[in-house]
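Student: Here it is: the structure, laid out below.
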Amino acid sequence: MIRTLRLARKSAMHARTQAANQLHAVIVTAPQALRDRLRRLSIARLAEAAARFRPGRIGTLEAASRLALKSLAVRYRNLSEEIATLDTEIERLVGLAAPTLFQVKGVGPDTGAALLIAAGDNRDRLRSEAAFAHMCGAAQISASSGKITRHRLNRGGNREANRALHMLAINRLSYDPRARSYAARRTAEGKSRREIIRCLKRYLAREIFRALTSDNLSAAPPTHHPCHQDDRAKPPPGLDL
């Protein structure tokens, strides 16, 4: 259910971004008076103002511009309402499936859904938090040479989950005192911002894994074929969404 709703949300987000870009494009070619009135407005205020236009009979460039702006603004507002509705349902479903996930600072409906879908699609790989980090592409790969010890970006794993961890790391650096203190300490050690973000993503992967497993420890294990007798081969229970 979460995967299906998130697909619709992604499409709506793409369409809303396209509508916003087209609003600004119409303003660029609009008559000077209309352009001066609208060009400094934020996208939300621009959509609100343009949606109230009454262009009347189309016989001038300004009337045509007003009609185009009104059409795009109404489309933008409708898509915003659609996204809000989808976010509400996604948040409700994620809360039902993994309530502890929303207790992780910074996790919202979209990031939570991306991480939960990645975990549900790969439950047989989630034997440890290190395995979860590899699955999300957050496990740093050694790229040391000689006396230089360093790690490089991991380009593998689930890219949606990796993006969710990346956004969490960026947001943590903007408001979390612990993340800021950590970044300052690693910067003093000579680490670049990109390297610090990679390290934060690894820590976040551990935090997310603990939240996911704490929500699913009591769930029933997956059904196995009768021929599978080796209990050690069974994946950890609970992450089948």
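Numbering starts fresh at 1 for the residues of each chain in the structure tokens, the chains themselves are lettered A, B, ... in the order given, and ligands are numbered from 1 as they appear.
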Please run DSSP on the backbone and report, as number ranges by chain, all residues within region 7-227 of chain A that come out as strand (DSSP E or B).
Tutor: A: 141-142, 145, 148, 151-152
Student: Go through A:Leu200, A:Leu115, A:Met167, A:Leu212 one by one, measure the shortest atom-to-atom distance of each to Ala139 (chain A) using only C-alpha atoms, and give the residue with the smallest value.
Tutor: A:Leu200
Student: Using only C-alpha atoms, which residues sit within 10 Å of Arg66 (chain A) once same-chain residues fewer than 2 positions away are excluded, as a ChimeraX atom specification?
Tutor: /A:26-27,30,34,50-56,58,60-64,68-72
Student: Could you write those residues out with N, CA, C and O atoms, as a PDB file, in the first residue's frame?
Tutor:
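Saved result, out.pdb, follows:
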```
ATOM      1  N   VAL A  26       5.941  31.730 -17.888  1.00  0.00           N
ATOM      2  CA  VAL A  26       4.916  32.621 -18.432  1.00  0.00           C
ATOM      3  C   VAL A  26       5.139  34.050 -17.948  1.00  0.00           C
ATOM      4  O   VAL A  26       4.952  35.018 -18.700  1.00  0.00           O
ATOM      5  N   ILE A  27       5.558  34.198 -16.700  1.00  0.00           N
ATOM      6  CA  ILE A  27       5.812  35.533 -16.159  1.00  0.00           C
ATOM      7  C   ILE A  27       6.928  36.232 -16.926  1.00  0.00           C
ATOM      8  O   ILE A  27       6.871  37.441 -17.167  1.00  0.00           O
ATOM      9  N   ALA A  30       5.407  37.734 -19.971  1.00  0.00           N
ATOM     10  CA  ALA A  30       4.183  38.517 -19.772  1.00  0.00           C
ATOM     11  C   ALA A  30       4.470  40.014 -19.957  1.00  0.00           C
ATOM     12  O   ALA A  30       5.637  40.435 -19.923  1.00  0.00           O
ATOM     13  N   LEU A  34       2.365  43.293 -15.577  1.00  0.00           N
ATOM     14  CA  LEU A  34       2.020  42.030 -14.938  1.00  0.00           C
ATOM     15  C   LEU A  34       3.273  41.347 -14.386  1.00  0.00           C
ATOM     16  O   LEU A  34       3.253  40.771 -13.292  1.00  0.00           O
ATOM     17  N   ALA A  50      -2.492  34.211  -8.837  1.00  0.00           N
ATOM     18  CA  ALA A  50      -2.855  33.900 -10.222  1.00  0.00           C
ATOM     19  C   ALA A  50      -4.160  33.121 -10.300  1.00  0.00           C
ATOM     20  O   ALA A  50      -4.905  33.248 -11.283  1.00  0.00           O
ATOM     21  N   ALA A  51      -4.459  32.315  -9.283  1.00  0.00           N
ATOM     22  CA  ALA A  51      -5.700  31.539  -9.299  1.00  0.00           C
ATOM     23  C   ALA A  51      -6.932  32.440  -9.221  1.00  0.00           C
ATOM     24  O   ALA A  51      -8.032  32.017  -9.597  1.00  0.00           O
ATOM     25  N   ARG A  52      -6.770  33.680  -8.769  1.00  0.00           N
ATOM     26  CA  ARG A  52      -7.897  34.616  -8.644  1.00  0.00           C
ATOM     27  C   ARG A  52      -8.079  35.482  -9.893  1.00  0.00           C
ATOM     28  O   ARG A  52      -8.994  36.314  -9.937  1.00  0.00           O
ATOM     29  N   PHE A  53      -7.224  35.312 -10.889  1.00  0.00           N
ATOM     30  CA  PHE A  53      -7.339  36.132 -12.099  1.00  0.00           C
ATOM     31  C   PHE A  53      -8.662  35.883 -12.821  1.00  0.00           C
ATOM     32  O   PHE A  53      -9.174  34.762 -12.839  1.00  0.00           O
ATOM     33  N   ARG A  54      -9.170  36.932 -13.445  1.00  0.00           N
ATOM     34  CA  ARG A  54     -10.340  36.841 -14.329  1.00  0.00           C
ATOM     35  C   ARG A  54      -9.934  37.455 -15.664  1.00  0.00           C
ATOM     36  O   ARG A  54     -10.147  38.650 -15.912  1.00  0.00           O
ATOM     37  N   PRO A  55      -9.382  36.651 -16.544  1.00  0.00           N
ATOM     38  CA  PRO A  55      -8.798  37.214 -17.777  1.00  0.00           C
ATOM     39  C   PRO A  55      -9.801  37.807 -18.752  1.00  0.00           C
ATOM     40  O   PRO A  55      -9.464  38.667 -19.562  1.00  0.00           O
ATOM     41  N   GLY A  56     -11.050  37.343 -18.697  1.00  0.00           N
ATOM     42  CA  GLY A  56     -12.046  37.844 -19.639  1.00  0.00           C
ATOM     43  C   GLY A  56     -11.821  37.345 -21.055  1.00  0.00           C
ATOM     44  O   GLY A  56     -11.176  36.316 -21.273  1.00  0.00           O
ATOM     45  N   ILE A  58     -10.195  36.767 -24.500  1.00  0.00           N
ATOM     46  CA  ILE A  58      -8.788  36.748 -24.880  1.00  0.00           C
ATOM     47  C   ILE A  58      -8.602  37.525 -26.183  1.00  0.00           C
ATOM     48  O   ILE A  58      -8.967  37.069 -27.260  1.00  0.00           O
ATOM     49  N   THR A  60      -5.774  40.152 -25.990  1.00  0.00           N
ATOM     50  CA  THR A  60      -4.474  40.802 -25.800  1.00  0.00           C
ATOM     51  C   THR A  60      -3.504  39.810 -25.176  1.00  0.00           C
ATOM     52  O   THR A  60      -3.899  38.768 -24.645  1.00  0.00           O
ATOM     53  N   LEU A  61      -2.214  40.175 -25.221  1.00  0.00           N
ATOM     54  CA  LEU A  61      -1.200  39.328 -24.605  1.00  0.00           C
ATOM     55  C   LEU A  61      -1.401  39.240 -23.097  1.00  0.00           C
ATOM     56  O   LEU A  61      -1.213  38.171 -22.494  1.00  0.00           O
ATOM     57  N   GLU A  62      -1.800  40.340 -22.472  1.00  0.00           N
ATOM     58  CA  GLU A  62      -1.999  40.313 -21.018  1.00  0.00           C
ATOM     59  C   GLU A  62      -3.142  39.379 -20.639  1.00  0.00           C
ATOM     60  O   GLU A  62      -3.034  38.606 -19.678  1.00  0.00           O
ATOM     61  N   ALA A  63      -4.242  39.400 -21.405  1.00  0.00           N
ATOM     62  CA  ALA A  63      -5.365  38.514 -21.122  1.00  0.00           C
ATOM     63  C   ALA A  63      -4.960  37.055 -21.307  1.00  0.00           C
ATOM     64  O   ALA A  63      -5.317  36.184 -20.498  1.00  0.00           O
ATOM     65  N   ALA A  64      -4.190  36.783 -22.367  1.00  0.00           N
ATOM     66  CA  ALA A  64      -3.720  35.411 -22.599  1.00  0.00           C
ATOM     67  C   ALA A  64      -2.776  34.967 -21.481  1.00  0.00           C
ATOM     68  O   ALA A  64      -2.837  33.822 -21.004  1.00  0.00           O
ATOM     69  N   ALA A  68      -3.342  31.822 -18.904  1.00  0.00           N
ATOM     70  CA  ALA A  68      -2.332  30.769 -18.755  1.00  0.00           C
ATOM     71  C   ALA A  68      -1.872  30.657 -17.307  1.00  0.00           C
ATOM     72  O   ALA A  68      -1.748  29.552 -16.767  1.00  0.00           O
ATOM     73  N   LEU A  69      -1.651  31.801 -16.664  1.00  0.00           N
ATOM     74  CA  LEU A  69      -1.225  31.794 -15.266  1.00  0.00           C
ATOM     75  C   LEU A  69      -2.309  31.217 -14.355  1.00  0.00           C
ATOM     76  O   LEU A  69      -2.007  30.456 -13.429  1.00  0.00           O
ATOM     77  N   LYS A  70      -3.543  31.569 -14.617  1.00  0.00           N
ATOM     78  CA  LYS A  70      -4.642  31.037 -13.807  1.00  0.00           C
ATOM     79  C   LYS A  70      -4.741  29.520 -13.951  1.00  0.00           C
ATOM     80  O   LYS A  70      -4.900  28.794 -12.958  1.00  0.00           O
ATOM     81  N   SER A  71      -4.633  29.031 -15.189  1.00  0.00           N
ATOM     82  CA  SER A  71      -4.705  27.590 -15.433  1.00  0.00           C
ATOM     83  C   SER A  71      -3.592  26.854 -14.701  1.00  0.00           C
ATOM     84  O   SER A  71      -3.825  25.835 -14.031  1.00  0.00           O
ATOM     85  N   LEU A  72      -2.367  27.364 -14.804  1.00  0.00           N
ATOM     86  CA  LEU A  72      -1.228  26.719 -14.148  1.00  0.00           C
ATOM     87  C   LEU A  72      -1.321  26.825 -12.627  1.00  0.00           C
ATOM     88  O   LEU A  72      -0.951  25.890 -11.904  1.00  0.00           O
TER      89      LEU A  72
END
```
Student: Closest to Glu195 (chain A) among A:Ala133, A:Leu67, A:Ala73, A:Ile141, using only C-alpha atoms?
Tutor: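 The shortest atom-to-atom distance to Glu195 (chain A) comes from A:Ile141.
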Student: Considering only C-alpha atoms, state which residue in the set A:Lys147, A:Arg92, A:Arg172, A:His134 is at the smallest distance from Val107 (chain A).
Tutor: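 Looking only at the distances to Val107 (chain A), the closest residue turns out to be A:Arg172.
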Student: I'd like to know which of A:Ala98, A:Ala183, A:Ala19, A:Ala205 is closest to Ala164 (chain A), using only C-alpha atoms.
Tutor: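 Closest candidate: A:Ala205.
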Student: Env of Ile117 (chain A): 12 Å cut, atoms = only C-alpha atoms, seq-sep filter 6 positions within chain, self excluded. Answer as a PyMOL selection string.
Tutor: chain A and resi 1-7+90+93-94+97-98+109-111+123+135-136+158-161+164+212+239-241
Student: Go ahead and dump the residues you just picked, N, CA, C and O atoms, as a compact mmCIF listing (two decimals), in the first residue's frame.
Tutor:
```
# COMPACT_ATOMS: atom_id res chain seq x y z
N MET A 1 0.83 -1.21 0.00
CA MET A 1 0.00 0.00 0.00
C MET A 1 0.86 1.26 0.00
O MET A 1 0.59 2.23 -0.73
N ILE A 2 1.90 1.26 0.83
CA ILE A 2 2.79 2.42 0.91
C ILE A 2 3.51 2.65 -0.42
O ILE A 2 3.62 3.78 -0.90
N ARG A 3 3.97 1.57 -1.02
CA ARG A 3 4.67 1.67 -2.30
C ARG A 3 3.75 2.26 -3.38
O ARG A 3 4.16 3.11 -4.18
N THR A 4 2.50 1.81 -3.41
CA THR A 4 1.54 2.29 -4.41
C THR A 4 1.25 3.77 -4.23
O THR A 4 1.25 4.54 -5.20
N LEU A 5 1.00 4.19 -2.99
CA LEU A 5 0.71 5.60 -2.73
C LEU A 5 1.92 6.49 -2.99
O LEU A 5 1.79 7.61 -3.48
N ARG A 6 3.09 5.97 -2.69
CA ARG A 6 4.30 6.76 -2.92
C ARG A 6 4.56 6.95 -4.41
O ARG A 6 5.10 7.98 -4.83
N LEU A 7 4.18 5.96 -5.22
CA LEU A 7 4.31 6.11 -6.67
C LEU A 7 3.43 7.25 -7.17
O LEU A 7 3.86 8.08 -7.98
N ILE A 90 0.06 8.08 3.63
CA ILE A 90 1.36 7.43 3.75
C ILE A 90 1.85 7.48 5.19
O ILE A 90 2.33 6.47 5.74
N LEU A 93 -0.08 4.93 7.26
CA LEU A 93 0.33 3.54 7.01
C LEU A 93 1.72 3.24 7.57
O LEU A 93 1.96 2.17 8.12
N VAL A 94 2.64 4.20 7.42
CA VAL A 94 3.97 4.00 7.98
C VAL A 94 3.89 3.94 9.51
O VAL A 94 4.56 3.13 10.14
N ALA A 97 2.75 0.45 10.38
CA ALA A 97 3.73 -0.60 10.11
C ALA A 97 4.97 -0.48 10.99
O ALA A 97 5.53 -1.49 11.42
N ALA A 98 5.40 0.74 11.25
CA ALA A 98 6.63 0.95 12.03
C ALA A 98 6.50 2.23 12.86
O ALA A 98 7.08 3.26 12.51
N PRO A 109 6.96 11.52 6.46
CA PRO A 109 6.24 10.52 5.67
C PRO A 109 7.04 10.00 4.48
O PRO A 109 7.07 8.79 4.23
N ASP A 110 7.69 10.90 3.73
CA ASP A 110 8.38 10.46 2.51
C ASP A 110 9.64 9.66 2.83
O ASP A 110 9.85 8.59 2.28
N THR A 111 10.49 10.18 3.74
CA THR A 111 11.72 9.46 4.08
C THR A 111 11.40 8.15 4.79
O THR A 111 12.02 7.12 4.52
N ARG A 123 14.09 -8.04 3.06
CA ARG A 123 14.13 -8.53 4.43
C ARG A 123 15.13 -9.67 4.62
O ARG A 123 15.69 -9.85 5.70
N MET A 135 22.77 -2.25 2.27
CA MET A 135 21.60 -2.25 1.42
C MET A 135 21.19 -0.83 1.01
O MET A 135 20.70 -0.59 -0.08
N CYS A 136 21.44 0.13 1.92
CA CYS A 136 21.10 1.52 1.64
C CYS A 136 22.24 2.28 0.95
O CYS A 136 22.10 3.48 0.68
N ASN A 158 20.13 0.48 -2.41
CA ASN A 158 18.86 1.08 -2.80
C ASN A 158 19.01 2.60 -2.83
O ASN A 158 19.25 3.23 -1.80
N ARG A 159 18.84 3.20 -3.99
CA ARG A 159 19.12 4.64 -4.13
C ARG A 159 18.05 5.50 -3.46
O ARG A 159 18.33 6.61 -3.00
N GLU A 160 16.81 5.02 -3.41
CA GLU A 160 15.76 5.78 -2.72
C GLU A 160 16.06 5.83 -1.22
O GLU A 160 15.91 6.87 -0.59
N ALA A 161 16.47 4.69 -0.65
CA ALA A 161 16.82 4.67 0.77
C ALA A 161 18.06 5.52 1.02
O ALA A 161 18.16 6.22 2.04
N ALA A 164 17.05 9.07 1.13
CA ALA A 164 16.37 9.38 2.38
C ALA A 164 17.38 9.61 3.50
O ALA A 164 17.26 10.56 4.29
N LEU A 212 13.43 -0.02 13.03
CA LEU A 212 12.69 -1.00 12.24
C LEU A 212 12.60 -2.34 12.95
O LEU A 212 11.54 -2.97 13.01
N LEU A 239 10.01 -8.00 8.71
CA LEU A 239 10.16 -6.88 7.81
C LEU A 239 9.53 -7.12 6.46
O LEU A 239 9.86 -6.48 5.48
N ASP A 240 8.62 -8.09 6.39
CA ASP A 240 7.92 -8.36 5.14
C ASP A 240 6.68 -7.49 5.09
O ASP A 240 5.73 -7.70 5.81
N LEU A 241 6.71 -6.47 4.22
CA LEU A 241 5.60 -5.52 4.14
C LEU A 241 4.63 -5.91 3.04
O LEU A 241 3.81 -5.10 2.66
```
Student: In Å, how far is it from CA of Val28 (chain A) to CA of Arg40 (chain A)?
Tutor: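 Interatomic distance, CA of Val28 (chain A) to CA of Arg40 (chain A): 11.7 Å.
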